[in-house]
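The structure under discussion appears below in the form of structure tokens.
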Amino acid sequence: MSVRVRMAPSPTGLLHIGGVRTFLFNWLFARKHGGQNLLRIENTDTSREVAEAVDHIQTSLLWLGIDWDDELTFQLDRIDDCRRVAEQLVAEGKAYEDEGAIRFRMPNEGVTAWDDVVRGRVEVQNETIEDLVLVRSDGRPTYNFASPMEDVWDGITHVIRGDDHISNTPKQINLIRAVAGDIPIYAHVPSIFGQDGKKLSKRHGAVGVGEFRSAGYLPEALVNFLALLGWAPDGETTIMSRDELVERFTLERVSASPAQFDYAKLDWMNGMYIRALPPDEFAHRLILWLGENGYDWDAELVRKAAPLVQEKVARLDEFPDYARFLFEDVEASVDGGAEVVAAARDALADLEPFTAEAIEAALRDVVERLGLKPRQAFQPIRVAVTGSTVSPGLFESIELLGRETTLRRLSSASHS
RNA sequence: GCCCCCAUCGACUAGCGGUCCAGGUCGCGGCCCUUUCAAGGCCGUAGCGCGGGUUCGAAUCCCGCUGGGGGCACCA
């Protein structure tokens, strides 16, 4: 039997990173087995907000490269089918009316059990399960009715979802039995905590996919990182391509214990991916990111500046701080070092050619003449030219800045 | 209160009875490189929650405790 799984988000404003990790596991599992991965929106109304959220969900997933098969479906579209099933269950005596709602009769004795792929066998005493409301008195089916019914109708073979659904599972199993559907295989993946061990929330930083995107994370790095949260192929490998992830992923190796989201490690991994990018590709990503985030910096200049910062940044949003001096005026006040700054100005005034190599030779010459240590000499020049004590390589920076602007900043700083 | 789940360095994890005085990665500390910041290289730091069993032998199996988490809705 071919594998069929589903991603079933609620249409809320932001796609939570914890949910995305669960969806990623679905996707990896489906792709690994050549199966299908469906996208099913668990909506209960059709407001404009929902439409926007659905849009946002799709955009976010596609940005991460998590795609789906077939058309996406909406829970709301199947409420009539749900109602019919509920009526049938009432007719069969398996459900009953209760103050206008329809309730499903749970068995009163025995146990309901399943072999969870990540947790092993889970058993629940039936006497602890209350009769489940299938249809509310206003006629709308409940989640715990609609969701398992959709799993049956969609031919879902494996339900891979968050562990907050564990206690729903025995209810859903009993319901599926009652309608003579096939019980899917369940895999309950652990939740993700913030760095204080509490539930991941806003105050931990980014939690929505969009926030990670605008923070300058690369989707492939985020996917790699997320995959390793609660899953590991062997305990040694950390950097894995998407293909390798697909090839090596197994549900059996998903951990049962919750993981904390470590932003520092994500940053490290993102930096690894950035440095591994071909320079052209890095520049391309930068240009796109800058455009998405309100910078109208000259693309050609960005392309030239990109190689100077590629080794230095962990996230794309660090680029502006390094390269701003190339695009905007800077405050160049040097305190101390006026002498070397002035000498640098003179050395560069007529330098030909105005290349990093020649600039370095000229400046090193100045440093030697003045009897300074490189460290002491270059820092005032750096501050004068870039307006910051932290910058890309000085000589390359000066070449890119150009003679005219460089001289102006050097002059201005040496007179202050 | 009742039910269910979880428990290895600060973090992510490997480990599925002996090969583990516990391995990898991030972080952190030190050193090297160096025009700043990074990157890179090298070295180091740090852990099996507690108590009982089972066994010749336990991080690995069982029970209890403690600590976390989730659920007990006409929410999803």
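A note on labels: chains of the structure tokens are A, B, ... as shown, every chain counts residues from 1, and ligands are counted from 1 in their shown order.
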Sort by chain and increasing residue number a table of all residues of chain A within 6 Å of chain B, each with its closest pair of atoms and their distance in Å to one decimal, counting only C-alpha atoms (C1' of nucleotides), and write it as JSON lines.
```
{"residue": "A:Arg136", "atom": "CA", "partner": "B:C74", "partner_atom": "C1'", "distance": 4.3}
{"residue": "A:Asp164", "atom": "CA", "partner": "B:G70", "partner_atom": "C1'", "distance": 5.2}
{"residue": "A:Ser167", "atom": "CA", "partner": "B:G71", "partner_atom": "C1'", "distance": 5.6}
{"residue": "A:Gly235", "atom": "CA", "partner": "B:A14", "partner_atom": "C1'", "distance": 4.1}
{"residue": "A:Glu236", "atom": "CA", "partner": "B:G24", "partner_atom": "C1'", "distance": 4.5}
{"residue": "A:Ser257", "atom": "CA", "partner": "B:C6", "partner_atom": "C1'", "distance": 5.2}
{"residue": "A:Lys265", "atom": "CA", "partner": "B:C26", "partner_atom": "C1'", "distance": 4.8}
{"residue": "A:Glu311", "atom": "CA", "partner": "B:A39", "partner_atom": "C1'", "distance": 5.6}
{"residue": "A:Lys312", "atom": "CA", "partner": "B:A38", "partner_atom": "C1'", "distance": 4.4}
{"residue": "A:Arg375", "atom": "CA", "partner": "B:U35", "partner_atom": "C1'", "distance": 5.8}
{"residue": "A:Phe378", "atom": "CA", "partner": "B:U35", "partner_atom": "C1'", "distance": 5.3}
{"residue": "A:Thr389", "atom": "CA", "partner": "B:U36", "partner_atom": "C1'", "distance": 5.8}
{"residue": "A:Val390", "atom": "CA", "partner": "B:U36", "partner_atom": "C1'", "distance": 5.0}
```
Expected file contents, prior selection, N, CA and C atoms, as a PDB file, in the first residue's frame:
```
ATOM      1  N   ARG A 136     -22.169  19.532  16.961  1.00  0.00           N
ATOM      2  CA  ARG A 136     -22.663  20.510  17.934  1.00  0.00           C
ATOM      3  C   ARG A 136     -24.140  20.781  17.697  1.00  0.00           C
ATOM      4  N   ASP A 164       0.423  16.551  21.277  1.00  0.00           N
ATOM      5  CA  ASP A 164      -0.737  17.067  22.003  1.00  0.00           C
ATOM      6  C   ASP A 164      -2.005  16.354  21.540  1.00  0.00           C
ATOM      7  N   SER A 167      -3.980  12.209  23.420  1.00  0.00           N
ATOM      8  CA  SER A 167      -5.204  11.847  24.148  1.00  0.00           C
ATOM      9  C   SER A 167      -6.446  11.875  23.259  1.00  0.00           C
ATOM     10  N   GLY A 235      23.663  10.431  14.961  1.00  0.00           N
ATOM     11  CA  GLY A 235      24.374  11.068  16.062  1.00  0.00           C
ATOM     12  C   GLY A 235      25.675  11.731  15.654  1.00  0.00           C
ATOM     13  N   GLU A 236      26.090  11.538  14.419  1.00  0.00           N
ATOM     14  CA  GLU A 236      27.320  12.152  13.941  1.00  0.00           C
ATOM     15  C   GLU A 236      27.022  13.244  12.907  1.00  0.00           C
ATOM     16  N   SER A 257      11.128  12.391  23.140  1.00  0.00           N
ATOM     17  CA  SER A 257      11.206  13.472  24.113  1.00  0.00           C
ATOM     18  C   SER A 257      11.290  14.833  23.422  1.00  0.00           C
ATOM     19  N   LYS A 265      22.438  27.636  17.635  1.00  0.00           N
ATOM     20  CA  LYS A 265      22.831  26.560  16.733  1.00  0.00           C
ATOM     21  C   LYS A 265      22.264  26.783  15.337  1.00  0.00           C
ATOM     22  N   GLU A 311      31.812  35.524   4.163  1.00  0.00           N
ATOM     23  CA  GLU A 311      32.514  34.750   5.193  1.00  0.00           C
ATOM     24  C   GLU A 311      32.164  35.208   6.601  1.00  0.00           C
ATOM     25  N   LYS A 312      31.534  36.370   6.691  1.00  0.00           N
ATOM     26  CA  LYS A 312      31.384  36.976   8.013  1.00  0.00           C
ATOM     27  C   LYS A 312      30.010  36.828   8.649  1.00  0.00           C
ATOM     28  N   ARG A 375      47.927  46.931  13.381  1.00  0.00           N
ATOM     29  CA  ARG A 375      46.691  46.935  14.168  1.00  0.00           C
ATOM     30  C   ARG A 375      46.292  48.363  14.576  1.00  0.00           C
ATOM     31  N   PHE A 378      45.586  50.632  11.028  1.00  0.00           N
ATOM     32  CA  PHE A 378      44.453  50.395  10.135  1.00  0.00           C
ATOM     33  C   PHE A 378      43.113  50.713  10.772  1.00  0.00           C
ATOM     34  N   THR A 389      34.028  50.310  13.670  1.00  0.00           N
ATOM     35  CA  THR A 389      35.231  49.558  14.035  1.00  0.00           C
ATOM     36  C   THR A 389      35.166  48.139  13.475  1.00  0.00           C
ATOM     37  N   VAL A 390      34.013  47.782  12.978  1.00  0.00           N
ATOM     38  CA  VAL A 390      33.827  46.447  12.401  1.00  0.00           C
ATOM     39  C   VAL A 390      33.441  46.598  10.938  1.00  0.00           C
TER      40      VAL A 390
END
```
Exercise for the section: Return as JSON, numbers by chain the full set of residues in region 190-388 of chain A whose backbone-based DSSP assignment is strand (DSSP E or B). Expected result: {"A": [192, 193, 199, 208, 231, 254, 259, 260]}
Expected file contents, prior selection, N, CA and C atoms, as a PDB file, in the first residue's frame:
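Contents of result-v1.pdb, freshly written:
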```pdb
ATOM      1  N   ILE A 192       8.114  21.258  20.544  1.00  0.00           N
ATOM      2  CA  ILE A 192       9.359  22.020  20.612  1.00  0.00           C
ATOM      3  C   ILE A 192       9.203  23.106  21.664  1.00  0.00           C
ATOM      4  N   PHE A 193      10.204  23.211  22.521  1.00  0.00           N
ATOM      5  CA  PHE A 193      10.177  24.227  23.564  1.00  0.00           C
ATOM      6  C   PHE A 193      11.103  25.383  23.226  1.00  0.00           C
ATOM      7  N   LYS A 199       7.071  26.477  26.643  1.00  0.00           N
ATOM      8  CA  LYS A 199       6.488  26.445  25.305  1.00  0.00           C
ATOM      9  C   LYS A 199       7.070  27.566  24.430  1.00  0.00           C
ATOM     10  N   GLY A 208       7.263  32.349  13.880  1.00  0.00           N
ATOM     11  CA  GLY A 208       6.554  32.181  12.621  1.00  0.00           C
ATOM     12  C   GLY A 208       7.560  32.055  11.489  1.00  0.00           C
ATOM     13  N   TRP A 231      15.059  14.337  15.645  1.00  0.00           N
ATOM     14  CA  TRP A 231      15.425  13.223  14.767  1.00  0.00           C
ATOM     15  C   TRP A 231      16.912  13.285  14.483  1.00  0.00           C
ATOM     16  N   VAL A 254      12.662   8.946  15.167  1.00  0.00           N
ATOM     17  CA  VAL A 254      12.202  10.196  15.767  1.00  0.00           C
ATOM     18  C   VAL A 254      12.151   9.990  17.279  1.00  0.00           C
ATOM     19  N   ALA A 259      12.181  18.714  22.365  1.00  0.00           N
ATOM     20  CA  ALA A 259      13.460  19.378  22.123  1.00  0.00           C
ATOM     21  C   ALA A 259      13.318  20.879  22.318  1.00  0.00           C
ATOM     22  N   GLN A 260      14.422  21.500  22.733  1.00  0.00           N
ATOM     23  CA  GLN A 260      14.428  22.957  22.838  1.00  0.00           C
ATOM     24  C   GLN A 260      14.977  23.566  21.568  1.00  0.00           C
TER      25      GLN A 260
END
```
Practice task
Quick one: everything within 12 Å of A22 (chain B), counting only C-alpha atoms (C1' of nucleotides), minus sequence neighbours fewer than 5 positions away in the same chain. Send it as a VMD selection string.
Solution key: chain B and resid 8 to 9 14 to 15 47 to 48 59 to 60
Exercise for the section: Please return as a PyMOL selection string: the residues of region 5-41 of chain A that backbone DSSP assigns to helix (DSSP H, G or I). Expected result: chain A and resi 17-32
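Relative to CA of Glu150 (chain A), CA of Thr73 (chain A) is found at 9.8 Å.
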Exercise for the section: Would you kindly return, as a PyMOL selection string, each protein, DNA or RNA residue with an atom no farther than 7 Å from any atom of region 169-182 of chain A, considering only C-alpha atoms (C1' of nucleotides) and excluding same-chain residues fewer than 5 positions away? Expected result: chain A and resi 112+144+148+152
Please dump the current selection as a PDB file, in the first residue's frame; keep C-alpha atoms.
```pdb
ATOM      1  CA  THR A 112      -8.077   1.073  23.324  1.00  0.00           C
ATOM      2  CA  ASN A 144     -12.407  15.141  16.828  1.00  0.00           C
ATOM      3  CA  PRO A 148     -10.520  11.265  11.681  1.00  0.00           C
ATOM      4  CA  VAL A 152     -10.565   7.828   6.391  1.00  0.00           C
TER       5      VAL A 152
END
```
Problem - Neighbour list for Tyr295 (chain A) as a count of residues only, cut-off 12 Å, only C-alpha atoms (C1' of nucleotides), skip fewer than 6 positions in-chain - result: 11
Practice task
Using only C-alpha atoms (C1' of nucleotides), determine which residues lie at most 9 Å from Trp68 (chain A), disregarding the query and same-chain residues fewer than 2 positions distant; provide the list as a VMD selection string.
Solution key: chain A and resid 6 to 7 27 36 to 39 66 70 to 72
Problem - Which of A:Cys82, A:Ala342, A:Val54, A:Ala95 sits closest to Ala384 (chain A) [using only C-alpha atoms] - result: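 Under the stated criterion, the closest residue is A:Ala342.
Interatomic distance, CA of Asp154 (chain A) against CA of Asp69 (chain A): 12.0 Å.
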Practice task
Name the residues in contact with Leu218 (chain A) at a cut-off of 9 Å, using only C-alpha atoms (C1' of nucleotides), excluding same-chain residues fewer than 5 positions from it; report them as a PyMOL selection string.
Solution key: chain A and resi 64+212-213+223+270+273-274+285+315-316
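Here CA of Ile102 (chain A) is placed at a distance of 19.5 Å from CA of Glu127 (chain A).
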